[in-house]
Amino acid sequence: MPSPDFEEIVDRYYPMLYRFALSLARNEPDACDLTQQTFAIWAKKGHLLRDAVKVKSWLFTTLYREFISNRRHEARWPKQEISEVEDELPGAAPEAPDSIAAGEVMKALQSLDETFRSPLTLFYLQEHSYEEIALILDIPIGTVMSRLSRGKQKLQNALVRGLPRRNGP
């Protein structure tokens, strides 16, 4: 028996596959997706099927395996409406203005605890390397990196808190 072409297979098996997908998925969009995914897989791998008589069973088996795979994926990562989980989402930081007066930055920097102010000053204003800061402050490099990271966040928070109080441009 000669191997049927792609369009012939789609014409012959689409209605049956769609009904099977609908019985599994229980909704039209997912059934359409499953059916289309099955034919996409056929387009890639159908040439590997040696016996053209087994096309129908291959398509149904592939559709079922895709359905099972999708269910496993959804069980691990369930879909949720944003409104249901918005209280669990991280807050978005407010956008910082394009330019902040140097005086405001220095004032915010001075408001930080010395633990964070020193590494920030040495790194950004004095342009020392992590290694140099570690030697100057007599702390490990990892601590320098941690304090810089946490210090930047604290500086950003201080600047954001101070921005609404600004008067004029």
# chains A, B, ... in the order shown; residues from 1 in each chain; ligands from 1
call {"tool": "residues_around", "arguments": {"residues": "A:Lys54", "least_positions_apart": "5", "cutoff": "12 Å", "atoms": "only C-alpha atoms", "output": "list in words"}}
result
Met1, Ser3, Pro4, Ile9, Gly46, Leu48, Leu49, Leu59, Phe60 and Thr61 of chain A
call {"tool": "closest_atom_pairs", "arguments": {"of": "stretch 18-116 of chain A", "to": "stretch 123-130 of chain A", "cutoff": "12 Å", "atoms": "only C-alpha atoms", "output": "CSV"}}
result
residue,atom,partner,partner_atom,distance
A:Ala102,CA,A:Leu125,CA,11.8
A:Val105,CA,A:Leu125,CA,11.6
A:Met106,CA,A:Leu125,CA,10.5
A:Leu109,CA,A:Leu125,CA,11.1
A:Phe116,CA,A:Phe123,CA,11.0
call {"tool": "write_last_selection", "arguments": {"atoms": "C-alpha atoms", "output": "mmCIF file, in the first residue's frame"}}
result
data_model
loop_
_atom_site.group_PDB
_atom_site.id
_atom_site.type_symbol
_atom_site.label_atom_id
_atom_site.label_comp_id
_atom_site.auth_asym_id
_atom_site.auth_seq_id
_atom_site.Cartn_x
_atom_site.Cartn_y
_atom_site.Cartn_z
ATOM 1 C CA ALA A 102 23.902 64.360 43.572
ATOM 2 C CA VAL A 105 22.027 60.682 46.547
ATOM 3 C CA MET A 106 24.646 61.756 49.080
ATOM 4 C CA LEU A 109 23.842 57.491 51.301
ATOM 5 C CA PHE A 116 26.530 49.439 54.077
#
call {"tool": "closest_atom_pairs", "arguments": {"of": "stretch 102-135 of chain A", "to": "stretch 146-150 of chain A", "cutoff": "12 Å", "atoms": "only C-alpha atoms", "output": "tab-separated table"}}
result
residue	atom	partner	partner_atom	distance
A:Leu112	CA	A:Arg150	CA	10.9
A:Asp113	CA	A:Arg147	CA	10.8
A:Glu114	CA	A:Arg147	CA	10.5
A:Thr115	CA	A:Arg147	CA	7.4
A:Phe116	CA	A:Arg147	CA	5.6
A:Arg117	CA	A:Leu148	CA	8.7
A:Ser118	CA	A:Leu148	CA	9.2
A:Pro119	CA	A:Leu148	CA	6.1
A:Leu120	CA	A:Leu148	CA	5.9
A:Thr121	CA	A:Leu148	CA	9.6
A:Leu122	CA	A:Leu148	CA	9.9
A:Phe123	CA	A:Leu148	CA	8.2
A:Tyr124	CA	A:Leu148	CA	9.7
A:Ser129	CA	A:Leu148	CA	11.6
A:Tyr130	CA	A:Leu148	CA	9.5
A:Ile133	CA	A:Leu148	CA	10.5
A:Ala134	CA	A:Arg147	CA	11.0
call {"tool": "write_last_selection", "arguments": {"atoms": "N, CA and C atoms", "output": "tab-separated table (two decimals), in the first residue's frame"}}
result
chain	number	residue	atom	x	y	z
A	112	LEU	N	22.26	55.79	55.45
A	112	LEU	CA	22.47	54.34	55.61
A	112	LEU	C	23.39	54.05	56.79
A	113	ASP	N	23.21	52.86	57.33
A	113	ASP	CA	24.10	52.38	58.39
A	113	ASP	C	25.52	52.29	57.84
A	114	GLU	N	26.49	52.53	58.68
A	114	GLU	CA	27.90	52.52	58.28
A	114	GLU	C	28.30	51.18	57.64
A	115	THR	N	27.68	50.09	58.07
A	115	THR	CA	27.98	48.75	57.54
A	115	THR	C	27.81	48.73	56.02
A	116	PHE	N	26.80	49.42	55.51
A	116	PHE	CA	26.53	49.44	54.08
A	116	PHE	C	27.12	50.68	53.40
A	117	ARG	N	27.17	51.78	54.13
A	117	ARG	CA	27.67	53.04	53.57
A	117	ARG	C	29.13	52.91	53.15
A	118	SER	N	29.96	52.29	54.00
A	118	SER	CA	31.40	52.20	53.70
A	118	SER	C	31.69	51.44	52.42
A	119	PRO	N	31.16	50.21	52.25
A	119	PRO	CA	31.45	49.50	50.99
A	119	PRO	C	30.93	50.25	49.76
A	120	LEU	N	29.74	50.85	49.88
A	120	LEU	CA	29.19	51.60	48.74
A	120	LEU	C	30.08	52.78	48.38
A	121	THR	N	30.53	53.51	49.38
A	121	THR	CA	31.39	54.66	49.14
A	121	THR	C	32.71	54.23	48.52
A	122	LEU	N	33.32	53.18	49.08
A	122	LEU	CA	34.60	52.71	48.55
A	122	LEU	C	34.48	52.20	47.13
A	123	PHE	N	33.39	51.52	46.83
A	123	PHE	CA	33.24	50.92	45.49
A	123	PHE	C	32.83	51.96	44.45
A	124	TYR	N	31.78	52.73	44.73
A	124	TYR	CA	31.23	53.63	43.72
A	124	TYR	C	31.89	55.00	43.68
A	129	SER	N	38.33	48.02	44.10
A	129	SER	CA	37.86	46.69	43.72
A	129	SER	C	37.33	45.96	44.96
A	130	TYR	N	36.66	44.83	44.74
A	130	TYR	CA	36.17	44.02	45.85
A	130	TYR	C	37.33	43.63	46.77
A	133	ILE	N	38.50	46.56	48.88
A	133	ILE	CA	37.53	46.87	49.93
A	133	ILE	C	37.65	45.85	51.06
A	134	ALA	N	37.81	44.58	50.69
A	134	ALA	CA	37.95	43.53	51.70
A	134	ALA	C	39.18	43.79	52.57
call {"tool": "closest_atom_pairs", "arguments": {"of": "stretch 42-161 of chain A", "to": "stretch 11-17 of chain A", "cutoff": "12 Å", "atoms": "only C-alpha atoms", "output": "tab-separated table"}}
result
residue	atom	partner	partner_atom	distance
A:Trp42	CA	A:Tyr13	CA	11.9
A:Val55	CA	A:Tyr13	CA	9.3
A:Lys56	CA	A:Tyr13	CA	7.2
A:Ser57	CA	A:Tyr13	CA	10.4
A:Trp58	CA	A:Leu17	CA	11.1
A:Leu59	CA	A:Leu17	CA	7.7
A:Phe60	CA	A:Leu17	CA	6.6
A:Thr61	CA	A:Leu17	CA	10.2
A:Thr62	CA	A:Leu17	CA	10.3
A:Leu63	CA	A:Leu17	CA	7.7
A:Tyr64	CA	A:Leu17	CA	9.8
call {"tool": "atom_distance", "arguments": {"atom1": "atom CA of A:Ala21", "atom2": "atom CA of A:Thr35"}}
result
6.6 Å
call {"tool": "select_by_dssp", "arguments": {"residues": "chain A", "states": "helix (DSSP H, G or I)", "output": "number ranges by chain"}}
result
A: 6-25, 28-48, 52-76, 82-88, 102-111, 114-125, 130-137, 141-165
call {"tool": "closest_residue", "arguments": {"among": "A:Val53, A:Phe67, A:Glu88, A:Glu8", "to": "A:Leu22", "atoms": "only C-alpha atoms"}}
result
A:Phe67
call {"tool": "closest_residue", "arguments": {"among": "A:Phe20, A:Glu131, A:Pro90, A:Gln156", "to": "A:Val144", "atoms": "only C-alpha atoms"}}
result
A:Glu131
call {"tool": "closest_atom_pairs", "arguments": {"of": "stretch 18-58 of chain A", "to": "stretch 68-77 of chain A", "cutoff": "12 Å", "atoms": "only C-alpha atoms", "output": "JSON lines"}}
result
{"residue": "A:Ala21", "atom": "CA", "partner": "A:Ile68", "partner_atom": "CA", "distance": 11.3}
{"residue": "A:Leu24", "atom": "CA", "partner": "A:Ile68", "partner_atom": "CA", "distance": 9.5}
{"residue": "A:Ala25", "atom": "CA", "partner": "A:Arg71", "partner_atom": "CA", "distance": 9.4}
{"residue": "A:Asp30", "atom": "CA", "partner": "A:Asn70", "partner_atom": "CA", "distance": 9.9}
{"residue": "A:Ala31", "atom": "CA", "partner": "A:Asn70", "partner_atom": "CA", "distance": 11.6}
{"residue": "A:Asp33", "atom": "CA", "partner": "A:Asn70", "partner_atom": "CA", "distance": 10.6}
{"residue": "A:Leu34", "atom": "CA", "partner": "A:Asn70", "partner_atom": "CA", "distance": 9.1}
{"residue": "A:Gln37", "atom": "CA", "partner": "A:Asn70", "partner_atom": "CA", "distance": 11.1}
call {"tool": "closest_residue", "arguments": {"among": "A:Arg65, A:Ala108, A:Ser23, A:Asp51", "to": "A:Thr38", "atoms": "only C-alpha atoms"}}
result
A:Arg65
call {"tool": "atom_distance", "arguments": {"atom1": "atom CA of A:Asn27", "atom2": "atom CA of A:Glu66"}}
result
15.4 Å
